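*Asks:* Pasting coords-v6.txt here (compact mmCIF, C-alpha atoms):
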```txt
# COMPACT_ATOMS: atom_id res chain seq x y z
CA MET A 28 17.16 -8.94 34.15
CA ASN A 29 17.17 -9.73 30.43
CA THR A 30 20.76 -9.21 29.20
CA ARG A 31 20.38 -10.93 25.87
CA PRO A 32 21.12 -8.64 22.90
CA PRO A 33 18.40 -8.18 20.28
CA ILE A 34 18.59 -10.50 17.31
CA GLU A 35 18.59 -7.52 14.97
CA SER A 36 19.14 -3.88 15.88
CA PRO A 37 16.26 -1.70 14.75
CA SER A 38 17.13 0.55 11.82
CA GLU A 39 16.94 4.25 12.54
CA GLN A 40 16.82 5.09 8.87
CA ALA A 41 13.43 6.27 7.70
CA ALA A 42 11.93 7.58 4.49
CA LEU A 43 10.73 11.15 5.07
CA SER A 44 8.83 11.35 1.79
CA VAL A 45 8.01 9.25 -1.24
CA ALA A 46 6.61 10.31 -4.63
CA PHE A 47 6.25 8.80 -8.10
CA ASN A 48 7.15 10.64 -11.26
CA ASN A 49 4.38 11.42 -13.75
CA ASP A 50 4.31 8.01 -15.46
CA SER A 51 5.11 5.99 -12.30
CA SER A 52 8.22 4.48 -13.89
CA ARG A 53 10.32 5.77 -10.98
CA PHE A 54 9.84 6.95 -7.43
CA ALA A 55 11.92 9.31 -5.33
CA VAL A 56 12.51 9.00 -1.59
CA GLY A 57 13.62 11.81 0.71
CA LEU A 58 15.86 10.75 3.59
CA ASP A 59 17.56 12.33 6.61
CA SER A 60 20.79 11.89 4.63
CA GLY A 61 19.77 12.85 1.06
CA PHE A 62 17.61 11.13 -1.54
CA ARG A 63 17.29 7.96 -3.60
CA ILE A 64 15.54 7.27 -6.88
CA PHE A 65 14.22 3.77 -7.58
CA LEU A 66 13.04 1.99 -10.71
CA ALA A 67 9.40 1.39 -9.83
CA SER A 68 8.85 -1.96 -11.56
CA THR A 69 11.76 -3.70 -9.81
CA CYS A 70 12.30 -1.49 -6.73
CA GLN A 71 16.00 -1.24 -7.58
CA ILE A 72 18.03 1.86 -6.76
CA GLN A 73 18.87 3.94 -9.81
CA THR A 74 20.40 7.02 -8.15
CA ALA A 75 21.47 7.94 -4.62
CA ARG A 76 22.73 11.31 -3.37
CA VAL A 77 24.20 11.77 0.09
CA PHE A 78 23.88 15.29 1.53
CA ASN A 79 24.31 14.35 5.21
CA ALA A 80 21.15 16.38 5.83
CA GLY A 81 17.42 15.86 5.41
CA LEU A 82 14.98 16.29 2.51
CA GLY A 83 11.28 16.48 3.32
CA LEU A 84 10.15 16.61 -0.32
CA VAL A 85 11.70 15.20 -3.50
CA GLN A 86 9.73 15.65 -6.72
CA MET A 87 10.96 14.47 -10.12
CA MET A 88 10.49 16.18 -13.47
CA GLY A 89 9.20 13.12 -15.33
CA ASN A 90 12.26 11.13 -16.39
CA ALA A 91 14.51 14.17 -16.79
CA ASN A 92 17.56 14.92 -14.65
CA TYR A 93 15.92 17.78 -12.71
CA LEU A 94 14.35 17.40 -9.27
CA ALA A 95 12.63 19.80 -6.89
CA LEU A 96 13.93 19.50 -3.32
CA VAL A 97 12.68 20.91 -0.02
CA GLY A 98 14.56 20.48 3.24
CA GLY A 99 13.07 18.42 6.06
CA GLY A 100 13.65 15.97 8.88
CA ARG A 101 15.68 16.47 12.06
CA SER A 102 18.47 18.34 10.26
CA PRO A 103 17.12 19.91 7.03
CA LYS A 104 19.52 20.37 4.14
CA PHE A 105 17.74 23.52 2.93
CA PRO A 106 15.53 26.14 4.61
CA GLN A 107 11.83 25.27 4.88
CA ASN A 108 10.85 28.27 2.76
CA LYS A 109 12.97 27.37 -0.28
CA VAL A 110 12.47 25.09 -3.27
CA ILE A 111 15.77 23.91 -4.72
CA ILE A 112 15.83 22.87 -8.38
CA TRP A 113 18.55 20.25 -8.51
CA ASP A 114 20.35 19.21 -11.71
CA ASP A 115 21.36 15.65 -10.94
CA SER A 116 23.36 15.21 -14.16
CA LYS A 117 25.71 17.96 -12.94
CA GLY A 118 25.28 17.23 -9.24
CA LYS A 119 24.53 20.84 -8.34
CA VAL A 120 21.79 23.38 -7.73
CA ALA A 121 20.35 24.82 -10.96
CA PHE A 122 18.34 27.57 -9.24
CA GLU A 123 16.14 28.13 -6.20
CA ILE A 124 12.82 29.74 -5.36
CA ALA A 125 12.35 31.45 -2.00
CA ALA A 126 8.96 31.87 -0.32
CA LEU A 127 7.89 33.91 2.70
CA THR A 128 6.53 30.89 4.58
CA ALA A 129 7.18 27.15 4.69
CA VAL A 130 6.71 25.15 1.50
CA ARG A 131 4.06 22.42 1.80
CA GLY A 132 4.27 20.96 -1.72
CA VAL A 133 5.92 21.35 -5.11
CA GLN A 134 5.22 20.27 -8.70
CA ILE A 135 7.56 20.53 -11.66
CA THR A 136 7.41 20.15 -15.46
CA LYS A 137 9.79 21.14 -18.24
CA THR A 138 8.16 24.57 -18.48
CA ARG A 139 6.74 25.34 -15.02
CA VAL A 140 7.34 25.05 -11.29
CA VAL A 141 4.52 25.25 -8.74
CA VAL A 142 5.25 26.11 -5.10
CA VAL A 143 2.49 25.27 -2.61
CA GLN A 144 2.23 27.07 0.73
CA GLN A 145 -0.40 26.78 3.43
CA ASN A 146 -2.73 29.37 1.90
CA SER A 147 -1.38 30.02 -1.57
CA VAL A 148 -0.11 28.45 -4.78
CA ARG A 149 2.58 30.21 -6.83
CA LEU A 150 3.33 29.44 -10.46
CA TYR A 151 6.78 30.08 -12.02
CA ALA A 152 8.36 29.61 -15.42
CA PHE A 153 11.08 26.96 -15.39
CA GLU A 154 14.00 29.23 -16.21
CA LYS A 155 16.95 30.86 -14.51
CA PRO A 156 16.11 33.07 -12.73
CA PRO A 157 12.57 31.68 -12.21
CA LYS A 158 9.93 34.06 -13.57
CA PRO A 159 6.75 34.48 -11.44
CA LEU A 160 3.66 33.84 -13.56
CA ALA A 161 0.71 33.77 -11.16
CA LYS A 162 -0.35 33.56 -7.53
CA TYR A 163 -3.58 31.96 -6.26
CA GLU A 164 -5.11 32.06 -2.78
CA THR A 165 -6.38 28.82 -1.21
CA ALA A 166 -8.01 27.48 1.92
CA ASP A 167 -5.65 25.86 4.43
CA ASN A 168 -3.61 23.32 2.49
CA LEU A 169 -1.19 21.73 4.95
CA LEU A 170 -1.02 18.60 2.79
CA GLY A 171 0.33 20.61 -0.15
CA LEU A 172 -2.38 19.30 -2.50
CA CYS A 173 -1.68 20.26 -6.11
CA CYS A 174 -1.60 18.63 -9.56
CA LEU A 175 0.22 19.95 -12.64
CA THR A 176 0.17 18.84 -16.27
CA ASP A 177 1.13 20.67 -19.46
CA LYS A 178 -2.50 21.76 -19.78
CA TYR A 179 -3.94 22.12 -16.27
CA LEU A 180 -3.03 23.28 -12.78
CA VAL A 181 -5.38 22.03 -10.05
CA PHE A 182 -5.38 22.88 -6.33
CA PRO A 183 -7.81 23.62 -3.45
CA GLY A 184 -10.10 26.63 -3.69
CA ARG A 185 -10.58 29.42 -1.17
CA THR A 186 -13.59 27.60 0.25
CA PRO A 187 -12.93 24.22 1.93
CA GLY A 188 -13.99 21.37 -0.38
CA HIS A 189 -13.73 23.47 -3.54
CA VAL A 190 -11.16 22.94 -6.31
CA GLN A 191 -9.60 25.56 -8.56
CA VAL A 192 -8.88 24.43 -12.12
CA VAL A 193 -6.51 26.64 -14.13
CA GLN A 194 -6.27 26.17 -17.90
CA LEU A 195 -2.66 27.16 -18.43
CA ALA A 196 -3.04 28.13 -22.10
CA THR A 197 -5.59 30.84 -21.29
CA ASP A 198 -5.00 31.43 -17.55
CA SER A 199 -8.74 30.97 -17.02
CA VAL A 200 -9.78 29.70 -13.58
CA SER A 201 -12.83 27.54 -12.88
CA ILE A 202 -14.15 26.89 -9.36
CA LEU A 203 -15.41 23.35 -8.79
CA PRO A 204 -17.50 22.72 -5.61
CA ALA A 205 -16.37 19.11 -5.27
CA HIS A 206 -17.16 18.47 -1.59
CA SER A 207 -18.77 20.11 1.42
CA SER A 208 -15.78 19.41 3.69
CA SER A 209 -12.05 20.02 3.27
CA LEU A 210 -10.16 18.18 0.55
CA ARG A 211 -7.94 15.26 1.43
CA ALA A 212 -6.79 14.11 -2.04
CA ILE A 213 -6.90 15.30 -5.66
CA GLN A 214 -5.47 13.62 -8.75
CA LEU A 215 -5.44 14.20 -12.52
CA SER A 216 -5.36 11.45 -15.13
CA ALA A 217 -2.28 11.03 -17.32
CA ASP A 218 -3.74 13.27 -20.05
CA GLY A 219 -5.17 15.69 -17.49
CA GLU A 220 -8.75 15.35 -18.75
CA LEU A 221 -10.08 13.54 -15.65
CA LEU A 222 -9.97 14.79 -12.06
CA ALA A 223 -10.57 12.66 -8.95
CA THR A 224 -11.25 14.19 -5.54
CA ALA A 225 -11.86 13.00 -1.99
CA SER A 226 -12.69 14.94 1.16
CA GLU A 227 -11.55 14.49 4.75
CA LYS A 228 -14.61 12.28 5.35
CA GLY A 229 -13.14 9.70 2.97
CA THR A 230 -16.39 7.91 2.14
CA LEU A 231 -16.90 9.15 -1.44
CA VAL A 232 -14.59 9.65 -4.41
CA ARG A 233 -15.84 11.94 -7.17
CA ILE A 234 -14.65 12.02 -10.78
CA PHE A 235 -14.95 15.12 -12.97
CA ALA A 236 -14.16 16.16 -16.53
CA THR A 237 -11.37 18.66 -15.95
CA GLY A 238 -12.15 20.92 -18.90
CA SER A 239 -15.87 21.34 -18.25
CA CYS A 240 -15.84 20.62 -14.47
CA ALA A 241 -18.83 18.30 -15.06
CA LYS A 242 -19.21 15.43 -12.59
CA LEU A 243 -18.87 12.11 -14.40
CA ALA A 244 -19.19 9.67 -11.51
CA GLU A 245 -19.32 9.17 -7.78
CA ARG A 246 -17.80 6.09 -6.19
CA ARG A 247 -18.19 4.95 -2.60
CA ARG A 248 -15.10 3.72 -0.77
CA GLY A 249 -17.13 2.72 2.31
CA SER A 250 -19.74 3.86 4.79
CA GLU A 251 -17.36 4.74 7.63
CA ASN A 252 -15.16 7.83 7.60
CA ALA A 253 -11.55 7.23 6.57
CA THR A 254 -8.38 9.14 5.78
CA ILE A 255 -7.67 8.85 2.07
CA PHE A 256 -3.96 8.36 1.39
CA SER A 257 -3.78 8.38 -2.40
CA LEU A 258 -5.78 8.45 -5.63
CA ARG A 259 -4.35 7.44 -9.02
CA PHE A 260 -5.85 6.81 -12.46
CA SER A 261 -4.68 3.89 -14.58
CA PRO A 262 -2.65 4.87 -17.70
CA SER A 263 -5.74 4.78 -19.95
CA GLY A 264 -7.95 6.51 -17.38
CA SER A 265 -10.41 3.60 -17.34
CA MET A 266 -9.77 2.76 -13.67
CA LEU A 267 -9.09 4.67 -10.47
CA ALA A 268 -7.16 3.29 -7.50
CA CYS A 269 -7.62 4.51 -3.92
CA THR A 270 -5.93 3.78 -0.57
CA SER A 271 -6.92 4.83 2.94
CA ASP A 272 -6.09 4.24 6.59
CA LYS A 273 -8.54 1.32 6.54
CA GLY A 274 -5.70 -0.64 4.93
CA ASN A 275 -7.44 -1.51 1.65
CA LEU A 276 -6.49 -0.74 -1.93
CA HIS A 277 -9.68 -0.22 -3.96
CA ILE A 278 -10.07 -0.22 -7.75
CA PHE A 279 -13.02 1.67 -9.23
CA ASP A 280 -14.32 1.65 -12.78
CA VAL A 281 -14.29 5.05 -14.50
CA PRO A 282 -17.21 5.62 -16.91
CA ASN A 283 -17.18 7.79 -20.03
CA SER A 284 -13.42 7.63 -20.34
CA ARG A 285 -11.43 6.97 -23.47
CA ARG A 286 -10.26 3.37 -23.65
CA PRO A 287 -7.72 2.94 -26.45
CA THR A 288 -7.48 -0.64 -27.59
CA SER A 289 -3.71 -0.29 -27.82
CA SER A 290 -3.53 -0.09 -24.02
CA THR A 291 -5.20 -3.47 -23.58
CA PRO A 292 -2.72 -6.38 -23.61
CA ARG A 293 -3.33 -8.89 -26.38
CA GLY A 294 -5.43 -11.79 -25.20
CA THR A 295 -6.79 -9.87 -22.22
CA ARG A 296 -10.43 -8.93 -22.00
CA PRO A 297 -11.07 -5.29 -21.07
CA ILE A 298 -12.82 -4.66 -17.79
CA SER A 299 -16.55 -4.21 -18.20
CA PRO A 300 -18.29 -1.72 -15.94
CA SER A 301 -21.49 -3.74 -16.08
CA ALA A 302 -19.71 -6.98 -15.24
CA ALA A 303 -17.96 -5.28 -12.34
CA THR A 304 -21.17 -3.77 -11.04
CA LEU A 305 -23.14 -7.00 -11.16
CA ASN A 306 -20.56 -9.17 -9.43
CA PRO A 307 -20.14 -8.22 -5.78
CA SER A 308 -17.73 -11.05 -5.03
CA THR A 309 -14.78 -9.65 -7.00
CA SER A 310 -12.86 -8.48 -3.95
CA ALA A 311 -9.56 -10.19 -3.25
CA ASN A 312 -10.22 -9.46 0.40
CA PRO A 313 -13.36 -11.27 1.59
CA ASN A 314 -13.97 -8.65 4.26
CA ALA A 315 -13.61 -5.65 1.93
CA ASP A 316 -16.41 -3.81 0.17
CA ALA A 317 -17.08 -5.25 -3.27
CA THR A 318 -18.41 -3.60 -6.39
CA ASN A 319 -21.83 -2.98 -4.96
CA LYS A 320 -22.63 -4.73 -1.74
CA TRP A 321 -26.38 -4.27 -2.19
CA GLY A 322 -26.54 -6.69 -5.15
CA PHE A 323 -29.76 -6.42 -7.20
CA LEU A 324 -31.05 -3.75 -4.80
CA SER A 325 -28.51 -1.38 -6.37
CA ASN A 326 -30.99 -0.89 -9.21
CA ILE A 327 -33.26 1.04 -6.83
CA PRO A 328 -32.37 4.69 -7.55
CA PHE A 329 -32.44 6.08 -4.00
CA GLY A 330 -30.60 5.88 -0.70
CA PRO A 331 -27.45 3.78 -0.23
CA PHE A 332 -28.68 1.19 -2.72
CA SER A 333 -27.59 3.36 -5.65
CA ASP A 334 -23.98 3.59 -4.45
CA VAL A 335 -21.30 2.05 -6.65
CA TYR A 336 -18.43 0.46 -4.76
CA SER A 337 -15.01 -0.71 -5.98
CA PHE A 338 -15.15 -3.72 -8.28
CA THR A 339 -12.19 -5.30 -6.48
CA SER A 340 -9.93 -4.57 -3.51
CA ALA A 341 -7.06 -6.04 -1.53
CA PRO A 342 -5.33 -5.21 1.76
CA PHE A 343 -2.03 -3.36 1.73
CA GLU A 344 0.48 -2.90 4.55
CA THR A 345 0.16 0.31 6.56
CA GLY A 346 2.97 -0.66 8.93
CA SER A 347 3.15 -0.38 12.71
CA GLU A 348 3.88 3.35 12.82
CA PRO A 349 1.13 5.78 13.84
CA LEU A 350 -0.80 6.97 10.79
CA GLN A 351 -1.76 10.42 9.70
CA ASN A 352 -5.32 11.41 10.41
CA ASN A 353 -7.37 14.50 9.78
CA HIS A 354 -7.48 15.52 13.45
CA ASN A 355 -3.70 15.63 13.73
CA MET A 356 -3.35 17.40 10.39
CA ARG A 357 -5.61 20.20 11.64
CA ARG A 358 -3.34 20.62 14.64
CA LEU A 359 -0.26 21.17 12.48
CA SER A 360 0.91 24.70 11.85
CA ASP A 361 2.65 26.32 8.90
CA ASN A 362 5.89 25.95 10.87
CA ALA A 363 5.74 22.15 11.04
CA VAL A 364 8.93 20.71 9.55
CA LEU A 365 8.41 18.34 6.65
CA GLY A 366 9.44 14.80 7.45
CA THR A 367 8.88 15.14 11.22
CA THR A 368 5.17 14.31 11.25
CA ARG A 369 3.62 10.89 10.77
CA PRO A 370 4.97 9.21 7.60
CA ILE A 371 2.89 9.04 4.46
CA LYS A 372 1.53 5.61 3.48
CA GLY A 373 -0.37 4.07 0.59
CA VAL A 374 1.13 6.11 -2.29
CA ILE A 375 -0.15 4.59 -5.57
CA GLY A 376 1.57 4.24 -8.93
CA TRP A 377 0.39 2.26 -11.99
CA ILE A 378 3.27 0.64 -13.90
CA ASP A 379 0.91 -0.58 -16.63
CA GLU A 380 -2.82 -0.94 -17.19
CA TYR A 381 -3.10 -4.05 -15.01
CA SER A 382 -0.22 -3.66 -12.51
CA LEU A 383 0.18 -1.12 -9.74
CA LEU A 384 2.37 -0.36 -6.76
CA VAL A 385 1.67 0.89 -3.24
CA ILE A 386 4.56 2.51 -1.40
CA GLY A 387 4.89 3.89 2.13
CA ALA A 388 7.40 6.11 3.90
CA GLY A 389 8.68 5.88 7.48
CA GLN A 390 10.90 3.19 8.98
CA ASP A 391 8.62 0.49 7.61
CA ALA A 392 9.39 1.69 4.07
CA ARG A 393 7.58 -0.85 1.95
CA TRP A 394 7.09 -1.47 -1.77
CA GLU A 395 4.10 -3.68 -2.68
CA LYS A 396 3.09 -4.84 -6.14
CA PHE A 397 -0.50 -5.74 -7.09
CA VAL A 398 -1.89 -7.15 -10.32
CA LEU A 399 -5.41 -7.38 -11.75
CA ARG A 400 -6.18 -10.90 -12.93
CA GLU A 401 -9.23 -12.23 -14.70
CA GLY A 402 -10.90 -15.29 -13.24
CA GLU A 403 -12.71 -18.04 -15.08
CA ASP A 404 -16.02 -16.26 -14.53
CA GLY A 405 -14.68 -13.12 -16.25
CA ARG A 406 -14.50 -11.09 -13.06
CA TYR A 407 -11.30 -9.31 -12.07
CA VAL A 408 -9.55 -9.77 -8.74
CA LEU A 409 -6.68 -7.82 -7.22
CA VAL A 410 -3.75 -9.95 -6.09
CA ARG A 411 -0.63 -8.91 -4.21
CA GLU A 412 2.28 -10.32 -6.22
CA GLY A 413 5.12 -9.36 -3.90
CA TRP A 414 6.69 -6.81 -1.56
CA LYS A 415 10.08 -5.44 -0.46
CA GLY A 416 11.49 -3.19 2.20
CA TYR A 417 13.16 -0.71 -0.14
CA LEU A 418 15.46 0.97 2.40
CA GLY A 419 17.26 -2.35 2.76
CA ASN A 420 18.36 -2.30 -0.89
```
Hey, can you dump this file as structure tokens for me?
*Replies:*
Amino acid sequence: MNTRPPIESPSEQAALSVAFNNDSSRFAVGLDSGFRIFLASTCQIQTARVFNAGLGLVQMMGNANYLALVGGGRSPKFPQNKVIIWDDSKGKVAFEIAALTAVRGVQITKTRVVVVQQNSVRLYAFEKPPKPLAKYETADNLLGLCCLTDKYLVFPGRTPGHVQVVQLATDSVSILPAHSSSLRAIQLSADGELLATASEKGTLVRIFATGSCAKLAERRRGSENATIFSLRFSPSGSMLACTSDKGNLHIFDVPNSRRPTSSTPRGTRPISPSAATLNPSTSANPNADATNKWGFLSNIPFGPFSDVYSFTSAPFETGSEPLQNNHNMRRLSDNAVLGTTRPIKGVIGWIDEYSLLVIGAGQDARWEKFVLREGEDGRYVLVREGWKGYLGN
């Protein structure tokens, strides 16, 4: 019999949720005991609140002192059907929003709060008491997919694969048939003018102009189905990052986007779409898909040869915990408690135009930093600069 004690006792602490704020300068982590807020660039704790109960969702209002909280984990702090608006400067509840069924997601700005349920999205004015502004019906949305800016509100449509785009100034709603299968990820650019979508198949990422709903580009992550974890535009909107359960972080070029020269560091050459497309060896991972694996055959305008792949990629750590997948998500019900399913992984945040982070929840709560570097041949590669286990801070 082996009577030797383990060298190190396994930590039972786990991150139930993780989410960046709107500019990725901070990220919030929901725990079984409360929440923590970290400075993204250094992974240092800025704020910690102990509630001795669980939070399944923690969403920040930019860099303000307000947060939206939803109970979760083994012993939830709040009921599953309530969104708590927390004033962290005063250390107390500012107000709350009650729903009839469990909350699956929440978004918050200085003027609005969005509560996402399995089959509906509800919009409120950020005031006490919260004033209901609108309600929208959706297809099943167990992932709580929703994006909110000062100008747009975006969420799944009533038909699987469709997206509803609400222009908040006019309350007009546009229906965008983005995919033929259910949505897995949606993301708006920093200014809200670009929209990226991915379906549960996970092979293609599509980019649209939010205002007109016109498709600007289609990018291929790979040929095999995958579960997309996260999509995120760079600050200027000139690049789009993507993670999936394949364990690779991909960077795609975004055409027809505004590229302010002020966002380009002095002495650094901007990324060229043509250079990226014509150089299939730009991947930092030799086994990952490059910009366009068909080389010169990509000029043939039919079949797989016309697909545009990421111009660089690198592996990220998915951990040893079981990952979410579409099959298991379909088996979840509206009564599933947040923070008790498989932990989210691969959450992306850009800290500047050429540096980005990938963060995962669960016991293997990991912060990884990647940078885009230009080689002597002018091609960009993605390099992992470092990592930390942030729950050990």
*Asks:* Counting all atoms listed in the file, figure out which residue out of A:Cys173, A:Ile278, A:Glu348, A:Val385 gets nearest to A:Arg369.
*Replies:*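 Among A:Cys173, A:Ile278, A:Glu348, A:Val385, it is A:Glu348 that comes nearest to A:Arg369.
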*Asks:* What is the distance, in Å and to one decimal place, between atom CA of A:Val410 and atom CA of A:Asp280?
*Replies:*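 Taking atom CA of A:Val410 as the start and atom CA of A:Asp280 as the end point, the length is 17.1 Å.
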*Asks:* Could you please determine the separation between atom CA of A:Asn49 and atom CA of A:Leu160 in Å, to one decimal place?
*Replies:* 22.4 Å
*Asks:* Between A:Val133, A:Ile375, A:Leu418, A:Leu175, which has the minimum distance to A:Ser271 (counting all atoms listed in the file)?
*Replies:* A:Ile375
*Asks:* What does the structure give for the distance between atom CA of A:Asp167 and atom CA of A:Tyr93, in Å to one decimal?
*Replies:*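 Interatomic distance here is 28.7 Å.
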*Asks:* At a cut-off of 9 Å, using all atoms listed in the file, what residues contact stretch 245-254 of chain A? Leave out same-chain residues fewer than 2 positions from it and give the result as number ranges by chain.
*Replies:* A: 211, 226-234, 242-243, 256, 269-273, 277, 279-280, 316, 334-337, 351-353
*Asks:* List as a list of chain:residue names the protein and nucleic acid residues near A:Thr237, meaning an atom at most 8 Å away when only C-alpha atoms are counted, but skip any in the same chain fewer than 4 places from it.
*Replies:*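 In the requested format, the answer is A:Val192, A:Gly219, A:Glu220, A:Leu221, A:Leu222, A:Ala241.
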*Asks:* Between A:Lys137, A:Ser44, A:Trp414, A:Val364, which residue has the minimum interatomic distance to A:Pro103, considering all atoms listed in the file?
*Replies:*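 Checking each of A:Lys137, A:Ser44, A:Trp414, A:Val364 against A:Pro103, counting all atoms listed in the file, the winner is A:Val364.
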